[in-house]
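K.L.:
My structure is in start_25.pdb, and what it holds is PDB, C-alpha atoms:
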MODEL        1
ATOM      1  CA  MET A 836     144.800  70.904   8.215
ATOM      2  CA  ASP A 837     146.341  73.366   5.815
ATOM      3  CA  ARG A 838     146.009  76.968   7.001
ATOM      4  CA  GLY A 839     145.673  78.277   3.450
ATOM      5  CA  LEU A 840     142.827  75.912   2.760
ATOM      6  CA  LEU A 841     141.048  76.841   5.998
ATOM      7  CA  ASN A 842     141.423  80.522   5.130
ATOM      8  CA  SER A 843     139.904  79.909   1.692
ATOM      9  CA  LEU A 844     136.715  78.479   3.238
ATOM     10  CA  SER A 845     133.624  80.614   3.523
ATOM     11  CA  GLU A 846     132.406  81.567   6.990
ATOM     12  CA  ALA A 847     129.653  78.932   6.919
ATOM     13  CA  GLU A 848     132.130  76.248   5.831
ATOM     14  CA  ARG A 849     134.599  77.290   8.513
ATOM     15  CA  LEU A 850     131.854  77.022  11.154
ATOM     16  CA  LEU A 851     130.890  73.601   9.812
ATOM     17  CA  VAL A 852     134.477  72.388  10.151
ATOM     18  CA  ALA A 853     134.662  73.909  13.656
ATOM     19  CA  GLU A 854     131.530  71.952  14.655
ATOM     20  CA  THR A 855     133.420  68.738  13.963
ATOM     21  CA  GLU A 856     136.166  69.333  16.513
ATOM     22  CA  ARG A 857     136.537  66.542  19.058
ATOM     23  CA  ASP A 858     135.354  68.548  22.068
ATOM     24  CA  VAL A 859     132.244  69.785  20.258
ATOM     25  CA  LEU A 860     131.355  66.314  18.958
ATOM     26  CA  LYS A 861     131.487  64.820  22.464
ATOM     27  CA  GLY A 862     128.589  67.033  23.570
ATOM     28  CA  LEU A 863     126.226  66.015  20.755
ATOM     29  CA  ASP A 864     123.635  63.264  20.971
ATOM     30  CA  GLU A 865     122.966  60.740  18.200
ATOM     31  CA  ASP A 866     120.303  62.788  16.384
ATOM     32  CA  GLU A 867     122.446  65.932  16.383
ATOM     33  CA  LEU A 868     125.407  63.914  15.103
ATOM     34  CA  LEU A 869     123.306  62.514  12.271
ATOM     35  CA  GLU A 870     122.157  66.005  11.298
ATOM     36  CA  LEU A 871     125.766  67.249  11.318
ATOM     37  CA  HIS A 872     126.824  64.200   9.304
ATOM     38  CA  GLN A 873     124.238  65.043   6.656
ATOM     39  CA  ARG A 874     125.400  68.683   6.425
ATOM     40  CA  VAL A 875     129.056  67.674   6.096
ATOM     41  CA  ARG A 876     128.181  65.063   3.468
ATOM     42  CA  ARG A 877     126.331  67.716   1.449
ATOM     43  CA  ALA A 878     129.362  70.024   1.558
ATOM     44  CA  ARG A 879     131.684  67.192   0.496
ATOM     45  CA  THR A 880     129.379  66.228  -2.362
ATOM     46  CA  LYS A 881     129.210  69.839  -3.510
ATOM     47  CA  TYR A 882     132.977  70.147  -3.891
ATOM     48  CA  VAL A 883     133.403  66.705  -5.415
ATOM     49  CA  LYS A 884     130.768  67.622  -7.988
ATOM     50  CA  ASN A 885     132.362  71.012  -8.667
ATOM     51  CA  TYR A 886     135.775  69.405  -9.076
ATOM     52  CA  ARG A 887     134.529  66.729 -11.477
ATOM     53  CA  ARG A 888     132.616  69.192 -13.620
ATOM     54  CA  ALA A 889     135.526  71.623 -13.881
ATOM     55  CA  ALA A 890     138.024  68.820 -14.516
ATOM     56  CA  GLY A 891     135.848  67.383 -17.270
ATOM     57  CA  ALA A 892     135.513  70.784 -18.913
ATOM     58  CA  ALA A 893     139.249  71.407 -18.630
ATOM     59  CA  VAL A 894     140.076  68.110 -20.354
ATOM     60  CA  ALA A 895     138.030  69.140 -23.361
ATOM     61  CA  GLU A 896     139.724  72.537 -23.357
ATOM     62  CA  VAL A 897     143.345  71.421 -22.805
ATOM     63  CA  GLY A 898     143.188  68.011 -24.426
ATOM     64  CA  SER A 899     144.408  65.714 -21.637
ATOM     65  CA  ARG A 900     143.695  64.863 -18.045
ATOM     66  CA  GLY A 901     147.304  65.218 -16.962
ATOM     67  CA  VAL A 902     147.522  68.829 -18.087
ATOM     68  CA  SER A 903     144.133  69.748 -16.606
ATOM     69  CA  TYR A 904     144.870  68.158 -13.199
ATOM     70  CA  PRO A 905     146.566  71.147 -11.486
ATOM     71  CA  ARG A 906     143.938  73.625 -12.668
ATOM     72  CA  ASN A 907     141.288  72.687 -10.123
ATOM     73  CA  GLN A 908     143.357  72.247  -6.961
ATOM     74  CA  ARG A 909     141.125  74.323  -4.663
ATOM     75  CA  ASP A 910     137.943  72.296  -5.171
ATOM     76  CA  ARG A 911     139.928  69.059  -4.928
ATOM     77  CA  ASP A 912     141.453  70.183  -1.625
ATOM     78  CA  LYS A 913     138.078  71.258  -0.253
ATOM     79  CA  ALA A 914     136.556  67.925  -1.218
ATOM     80  CA  GLU A 915     139.414  66.148   0.560
ATOM     81  CA  LEU A 916     139.039  68.349   3.644
ATOM     82  CA  PHE A 917     135.315  67.640   3.887
ATOM     83  CA  GLU A 918     135.982  63.935   3.302
ATOM     84  CA  SER A 919     138.277  63.826   6.341
ATOM     85  CA  VAL A 920     135.784  65.855   8.388
ATOM     86  CA  LEU A 921     133.020  63.466   7.299
ATOM     87  CA  ALA A 922     135.114  60.498   8.427
ATOM     88  CA  ARG A 923     135.564  62.107  11.845
ATOM     89  CA  VAL A 924     131.824  62.669  12.236
ATOM     90  CA  SER A 925     131.062  59.161  10.940
ATOM     91  CA  ARG A 926     133.284  57.619  13.605
ATOM     92  CA  GLN A 927     131.491  59.623  16.274
ATOM     93  CA  VAL A 928     128.080  58.594  14.887
ATOM     94  CA  ALA A 929     129.171  54.950  15.003
ATOM     95  CA  THR A 930     130.291  55.350  18.606
ATOM     96  CA  ALA A 931     126.995  56.998  19.596
ATOM     97  CA  ALA A 932     124.975  54.336  17.781
ATOM     98  CA  SER A 933     126.923  51.569  19.504
ATOM     99  CA  ARG A 934     126.376  53.224  22.871
ATOM    100  CA  ALA A 935     122.637  53.606  22.214
ATOM    101  CA  SER A 936     122.433  49.997  21.061
ATOM    102  CA  SER A 937     124.078  48.677  24.204
ATOM    103  CA  GLU A 938     121.814  50.853  26.372
ATOM    104  CA  LEU A 939     118.726  49.557  24.562
ATOM    105  CA  ARG A 940     119.969  45.975  24.885
ATOM    106  CA  GLY A 941     120.474  46.524  28.620
ATOM    107  CA  GLU A 942     116.970  47.943  28.973
ATOM    108  CA  ARG A 943     115.476  44.983  27.121
ATOM    109  CA  ILE A 944     117.370  42.474  29.243
ATOM    110  CA  GLU A 945     116.282  44.259  32.411
ATOM    111  CA  ALA A 946     112.661  44.307  31.214
ATOM    112  CA  ALA A 947     112.814  40.590  30.467
ATOM    113  CA  ARG A 948     114.295  39.872  33.894
ATOM    114  CA  SER A 949     111.633  41.927  35.644
ATOM    115  CA  ALA A 950     108.903  40.190  33.627
ATOM    116  CA  ARG A 951     110.336  36.816  34.610
ATOM    117  CA  ALA A 952     110.423  37.905  38.258
ATOM    118  CA  ARG A 953     106.733  38.883  38.103
ATOM    119  CA  VAL A 954     105.740  35.395  37.060
ATOM    120  CA  GLU A 955     104.271  33.670  40.074
ATOM    121  CA  VAL A 956     105.258  30.071  40.578
ATOM    122  CA  ALA A 957     102.804  27.934  42.525
ATOM    123  CA  PRO A 958     103.116  24.158  42.890
ATOM    124  CA  VAL A 959     100.235  22.153  41.474
ATOM    125  CA  ARG A 960      99.994  18.376  41.743
ATOM    126  CA  ALA A 961      99.309  16.790  38.370
ATOM    127  CA  ALA A 962      99.962  13.108  37.744
ATOM    128  CA  GLY A 963     102.256  12.827  40.744
ATOM    129  CA  ARG A 964     104.713  15.600  39.833
ATOM    130  CA  ALA A 965     104.975  19.325  40.501
ATOM    131  CA  ALA A 966     104.224  21.773  37.691
ATOM    132  CA  SER A 967     104.439  25.551  37.600
ATOM    133  CA  VAL A 968     101.610  27.902  36.749
ATOM    134  CA  ARG A 969     102.506  31.184  35.131
ATOM    135  CA  ASP A 970     100.805  34.503  35.635
ATOM    136  CA  THR A 971      97.975  34.958  33.120
ATOM    137  CA  ASP A 972      99.490  38.206  31.749
ATOM    138  CA  ALA A 973     102.842  36.575  31.093
ATOM    139  CA  ALA A 974     101.259  33.490  29.508
ATOM    140  CA  ALA A 975      98.944  35.492  27.258
ATOM    141  CA  ALA A 976     101.639  37.832  25.928
ATOM    142  CA  PRO A 977     103.632  35.347  23.801
ATOM    143  CA  ALA A 978     100.485  33.781  22.322
ATOM    144  CA  ALA A 979      99.100  37.169  21.297
ATOM    145  CA  SER A 980     102.367  38.246  19.644
ATOM    146  CA  ARG A 981     102.667  35.194  17.393
ATOM    147  CA  ARG A 982     102.038  35.879  13.752
ATOM    148  CA  PRO A 983     101.247  33.322  11.109
ATOM    149  CA  ARG A 984     104.361  32.112   9.324
ATOM    150  CA  ALA A 985     105.050  33.798   6.042
ATOM    151  CA  THR A 986     104.872  31.509   3.072
ATOM    152  CA  LYS A 987     107.754  31.514   0.669
ATOM    153  CA  THR A 988     106.465  32.933  -2.570
ATOM    154  CA  THR A 989     108.014  34.187  -5.754
ATOM    155  CA  GLY A 990     105.188  36.444  -6.739
ATOM    156  CA  GLY A 991     102.228  34.282  -7.680
ATOM    157  CA  LEU A 992     100.363  31.149  -6.770
ATOM    158  CA  LYS A 993     100.488  29.742 -10.312
ATOM    159  CA  LYS A 994     104.223  30.294 -10.558
ATOM    160  CA  ASP A 995     104.776  28.654  -7.161
ATOM    161  CA  ALA A 996     102.651  25.672  -8.186
ATOM    162  CA  SER A 997     104.546  25.383 -11.463
ATOM    163  CA  THR A 998     107.865  25.435  -9.619
ATOM    164  CA  ARG A 999     106.734  22.705  -7.234
ATOM    165  CA  ALA A1000     105.427  20.598 -10.118
ATOM    166  CA  ALA A1001     108.673  20.959 -12.044
ATOM    167  CA  GLY A1002     110.589  19.821  -8.972
ATOM    168  CA  ALA A1003     108.257  16.842  -8.583
ATOM    169  CA  ARG A1004     108.755  15.896 -12.256
ATOM    170  CA  ARG A1005     112.543  16.071 -11.887
ATOM    171  CA  GLN A1006     112.419  13.904  -8.805
ATOM    172  CA  ALA A1007     110.101  11.381 -10.487
ATOM    173  CA  LYS A1008     112.470  11.188 -13.448
ATOM    174  CA  ARG A1009     115.385  10.425 -11.136
ATOM    175  CA  ASP A1010     113.381   7.862  -9.231
ATOM    176  CA  THR A1011     112.606   5.873 -12.411
ATOM    177  CA  ARG A1012     116.290   5.377 -13.290
TER     178      ARG A1012
ENDMDL
END
What would you get if you wrote out this structure as structure tokens?

P.N.:
Amino acid sequence: MDRGLLNSLSEAERLLVAETERDVLKGLDEDELLELHQRVRRARTKYVKNYRRAAGAAVAEVGSRGVSYPRNQRDRDKAELFESVLARVSRQVATAASRASSELRGERIEAARSARARVEVAPVRAAGRAASVRDTDAAAAPAASRRPRATKTTGGLKKDASTRAAGARRQAKRDTR
């Protein structure tokens, strides 16, 4: 990063950039990373907005974008700095989210395995073959969690009926050919 640009930052902005150093980011959990990501995004948006407003005003004053371009270098550089800092934090957030996802997946798999292990299997003779009887808790759980299937709707019963009828009319027309 450019030393001149870092020296032009305010103390709060300098601390925000320092919070995004690799060693500091490693010690943060997912929630803290998301909070930092939001703060960095706000700072980036602030300087992008300042740059665009000043550039737009300068075009009206000078008469062309090419001539007004060098006038607002500081805000443009700050916006670029915070964009790169935001990318660094975003990568770390993605890594933390992936790690949390794999941990949660592992916990779910382990819970499913332990639930399967709790199921008692006892042989019962029925019609000359062996069948297994599941634990009542394990058998009741899937039945209780089932929800009625959602019906495909476009927003109203009359409209759905009209759509079905139109389809039936088209099909009937084809069938008569």

K.L.:
Given the file shown, determine the residues that the PyMOL selection byres ((chain A and resi 918-922) around 7) selects; report them as a ChimeraX atom specification.

P.N.:
/A:852,855,872,875-876,879,914-917,923-926

K.L.:
List the residues matched by the PyMOL selection byres ((chain A and resi 860) around 12) in the displayed structure as an MDAnalysis selection string, ordered by chain and then by residue number.

P.N.:
chainID A and resid 851:859 861:872 920 923:928 930:931

K.L.:
What is the CA of Lys881 in chain A-CA of Leu840 in chain A distance in Å, reported with one decimal?

P.N.:
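Atom-to-atom, CA of Lys881 in chain A and CA of Leu840 in chain A are spaced 16.2 Å apart.
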
K.L.:
Take CA of Gly891 in chain A and CA of Gly839 in chain A and report the distance between them in Å, one decimal.

P.N.:
25.4 Å

K.L.:
How many Å separate CA of Arg948 in chain A from CA of Arg982 in chain A?

P.N.:
23.9 Å

K.L.:
At a cut-off of 12 Å, using all atoms listed in the file, what residues contact Arg838 in chain A? Leave out same-chain residues fewer than 3 positions from it and give the result as an mmCIF file with C-alpha atoms, in the frame of the given file.

P.N.:
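Contents of result.cif, freshly written:
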data_model
loop_
_atom_site.group_PDB
_atom_site.id
_atom_site.type_symbol
_atom_site.label_atom_id
_atom_site.label_comp_id
_atom_site.auth_asym_id
_atom_site.auth_seq_id
_atom_site.Cartn_x
_atom_site.Cartn_y
_atom_site.Cartn_z
ATOM 1 C CA LEU A 841 141.048 76.841 5.998
ATOM 2 C CA ASN A 842 141.423 80.522 5.130
ATOM 3 C CA SER A 843 139.904 79.909 1.692
ATOM 4 C CA LEU A 844 136.715 78.479 3.238
ATOM 5 C CA ARG A 849 134.599 77.290 8.513
ATOM 6 C CA ASP A 912 141.453 70.183 -1.625
ATOM 7 C CA LEU A 916 139.039 68.349 3.644
#

K.L.:
Centre and edge lengths, as AutoDock Vina command-line options, for the axis-aligned box enclosing every listed atom of range 863-866 of chain A with 5 Å of padding on each of the six sides, in Å to one decimal?

P.N.:
--center_x 123.3 --center_y 63.4 --center_z 18.7 --size_x 15.9 --size_y 15.3 --size_z 14.6

K.L.:
What would range 917-929 of chain A look like with N, CA, C and O atoms restored, written as a JSON list (two decimals), in the frame of the given file?

P.N.:
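Writing the result to part-v9.json gives the following:
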[["chain", "number", "residue", "atom", "x", "y", "z"],
["A", 917, "PHE", "N", 136.63, 68.05, 3.41],
["A", 917, "PHE", "CA", 135.32, 67.64, 3.89],
["A", 917, "PHE", "C", 135.20, 66.12, 3.98],
["A", 917, "PHE", "O", 134.44, 65.61, 4.79],
["A", 918, "GLU", "N", 135.96, 65.39, 3.19],
["A", 918, "GLU", "CA", 135.98, 63.94, 3.30],
["A", 918, "GLU", "C", 136.58, 63.52, 4.64],
["A", 918, "GLU", "O", 136.07, 62.64, 5.33],
["A", 919, "SER", "N", 137.67, 64.17, 5.05],
["A", 919, "SER", "CA", 138.28, 63.83, 6.34],
["A", 919, "SER", "C", 137.38, 64.25, 7.50],
["A", 919, "SER", "O", 137.27, 63.55, 8.51],
["A", 920, "VAL", "N", 136.72, 65.39, 7.36],
["A", 920, "VAL", "CA", 135.78, 65.86, 8.39],
["A", 920, "VAL", "C", 134.60, 64.89, 8.48],
["A", 920, "VAL", "O", 134.14, 64.54, 9.58],
["A", 921, "LEU", "N", 134.13, 64.42, 7.33],
["A", 921, "LEU", "CA", 133.02, 63.47, 7.30],
["A", 921, "LEU", "C", 133.42, 62.16, 7.98],
["A", 921, "LEU", "O", 132.62, 61.57, 8.71],
["A", 922, "ALA", "N", 134.65, 61.73, 7.78],
["A", 922, "ALA", "CA", 135.11, 60.50, 8.43],
["A", 922, "ALA", "C", 135.13, 60.67, 9.94],
["A", 922, "ALA", "O", 134.75, 59.76, 10.68],
["A", 923, "ARG", "N", 135.54, 61.84, 10.40],
["A", 923, "ARG", "CA", 135.56, 62.11, 11.84],
["A", 923, "ARG", "C", 134.16, 62.05, 12.44],
["A", 923, "ARG", "O", 133.93, 61.42, 13.47],
["A", 924, "VAL", "N", 133.20, 62.67, 11.75],
["A", 924, "VAL", "CA", 131.82, 62.67, 12.24],
["A", 924, "VAL", "C", 131.24, 61.26, 12.15],
["A", 924, "VAL", "O", 130.52, 60.83, 13.05],
["A", 925, "SER", "N", 131.57, 60.52, 11.10],
["A", 925, "SER", "CA", 131.06, 59.16, 10.94],
["A", 925, "SER", "C", 131.52, 58.27, 12.08],
["A", 925, "SER", "O", 130.75, 57.45, 12.59],
["A", 926, "ARG", "N", 132.78, 58.41, 12.47],
["A", 926, "ARG", "CA", 133.28, 57.62, 13.60],
["A", 926, "ARG", "C", 132.51, 57.95, 14.87],
["A", 926, "ARG", "O", 132.16, 57.06, 15.66],
["A", 927, "GLN", "N", 132.22, 59.21, 15.08],
["A", 927, "GLN", "CA", 131.49, 59.62, 16.27],
["A", 927, "GLN", "C", 130.05, 59.12, 16.23],
["A", 927, "GLN", "O", 129.50, 58.71, 17.25],
["A", 928, "VAL", "N", 129.43, 59.12, 15.04],
["A", 928, "VAL", "CA", 128.08, 58.59, 14.89],
["A", 928, "VAL", "C", 128.07, 57.10, 15.21],
["A", 928, "VAL", "O", 127.17, 56.60, 15.89],
["A", 929, "ALA", "N", 129.08, 56.39, 14.73],
["A", 929, "ALA", "CA", 129.17, 54.95, 15.00],
["A", 929, "ALA", "C", 129.31, 54.69, 16.50],
["A", 929, "ALA", "O", 128.69, 53.78, 17.04]]
